[in-house]
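Presented below is the structure to which this report refers.
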Amino acid sequence: MKPRHKRALLILGALGALAIAAVLILNALNSNIALYVTPSEVAAGKAPQGQAFRIGGLVKAGSLRRDELVVHFVITDLVKEIPVSYKGILPDLFKEGKGAVVQGKLDADGQFVATEVLAKHDENYMPPEAKHALEQAQKNGAK
């Protein structure tokens with residue numbers, strides 16, 4: 001085999017390995033991305049179907065109830081409400097009337113089945129996207 005052919009095969013092999021690595025990396029990133037949506041967007045049908053995503057808002061006062069290990073509550077953006085169920089231990093800062101972000105999927109009945117619950121950690125802090133989403137929901141709900 002001529003040196004030119006060996007070089008061509010080496011370059012093709014390297015490009016093939018690079019392509020496979022790129023596909024694997026993109027697949028891993030895509031499976032770990034969780035989009036952030038508001039309860040109003042979920043109610044409008046804008047939530048990803050069959051894919052994990054995050055909902056942020058406030059835990060509705062009086063909505064928290066426990067069935068053995070499963071916790072049920074409602075997350076709201078003050079315009080729309082989404083029922084949530086979560087099997088596990090809630091964070092210490094999780095309370096009714098406080099901010100929370102939940103990650104999971106919608107089931108066939110429109111119930112959000114959370115795999116992770118994050119509680120707001122400071123009285124004065126709210127993530128910018130959550131604050132903006134709440135403001136937009138209130139503006140749209142007032143119309």
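By order in the structure tokens, chains are A, B, ...; within a chain, residues start at 1; ligands start at 1, following the order shown.
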Can you tell me, as a ChimeraX atom specification, what residues are no more than 9 Å from Glu96 of chain A when counting only C-alpha atoms, ignoring any on the same chain fewer than 3 positions away?
/A:58-64,73,99
Between A:Val101, A:Ala19, A:Ile89, A:Val42, which is the closest to Gly56 of chain A once you count only C-alpha atoms?
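The shortest atom-to-atom distance to Gly56 of chain A comes from A:Val101.
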For Leu35 of chain A, which residue out of A:Phe53, A:Leu10, A:Lys120, A:Gly110 is the nearest one, using only C-alpha atoms?
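Checking each candidate against Leu35 of chain A, we get A:Phe53 as the closest.
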DSSP alpha helix (DSSP H) residues within segment 27-121 of chain A, listed as a PyMOL selection string:
chain A and resi 27-32+39-43
Per DSSP on the backbone, what are the strand (DSSP E) residues of segment 71-101 of chain A, as a ChimeraX atom specification?
/A:71-76,81-87,99-101
Keeping N, CA and C atoms, export the residues of the selection given above as a compact mmCIF listing (two decimals), in the first residue's frame.
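Done, and the output landed in part14.txt:
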# COMPACT_ATOMS: atom_id res chain seq x y z
N VAL A 71 -46.15 12.52 47.80
CA VAL A 71 -46.58 13.85 48.18
C VAL A 71 -47.30 14.47 46.99
N HIS A 72 -48.47 15.05 47.25
CA HIS A 72 -49.24 15.72 46.20
C HIS A 72 -49.33 17.20 46.56
N PHE A 73 -49.15 18.06 45.56
CA PHE A 73 -49.30 19.50 45.75
C PHE A 73 -49.59 20.14 44.40
N VAL A 74 -49.88 21.41 44.42
CA VAL A 74 -50.18 22.16 43.20
C VAL A 74 -49.14 23.25 43.04
N ILE A 75 -48.58 23.37 41.84
CA ILE A 75 -47.64 24.45 41.54
C ILE A 75 -48.37 25.45 40.63
N THR A 76 -48.22 26.73 40.93
CA THR A 76 -48.97 27.76 40.21
C THR A 76 -48.08 28.94 39.85
N GLU A 81 -52.75 26.45 37.30
CA GLU A 81 -52.28 25.52 38.33
C GLU A 81 -52.04 24.14 37.71
N ILE A 82 -50.98 23.48 38.16
CA ILE A 82 -50.65 22.14 37.69
C ILE A 82 -50.51 21.22 38.91
N PRO A 83 -51.29 20.13 38.96
CA PRO A 83 -51.12 19.17 40.06
C PRO A 83 -49.83 18.38 39.89
N VAL A 84 -49.14 18.18 41.00
CA VAL A 84 -47.85 17.49 41.00
C VAL A 84 -47.88 16.36 42.01
N SER A 85 -47.28 15.23 41.65
CA SER A 85 -47.05 14.16 42.63
C SER A 85 -45.56 13.86 42.64
N TYR A 86 -45.07 13.55 43.82
CA TYR A 86 -43.63 13.29 43.99
C TYR A 86 -43.45 12.21 45.03
N LYS A 87 -42.66 11.20 44.68
CA LYS A 87 -42.37 10.12 45.62
C LYS A 87 -40.95 10.33 46.12
N GLY A 99 -41.61 29.46 46.61
CA GLY A 99 -41.18 29.08 45.27
C GLY A 99 -40.59 27.69 45.22
N ALA A 100 -40.82 27.02 44.10
CA ALA A 100 -40.26 25.69 43.89
C ALA A 100 -40.11 25.44 42.40
N VAL A 101 -39.18 24.57 42.07
CA VAL A 101 -39.00 24.09 40.70
C VAL A 101 -39.04 22.57 40.77
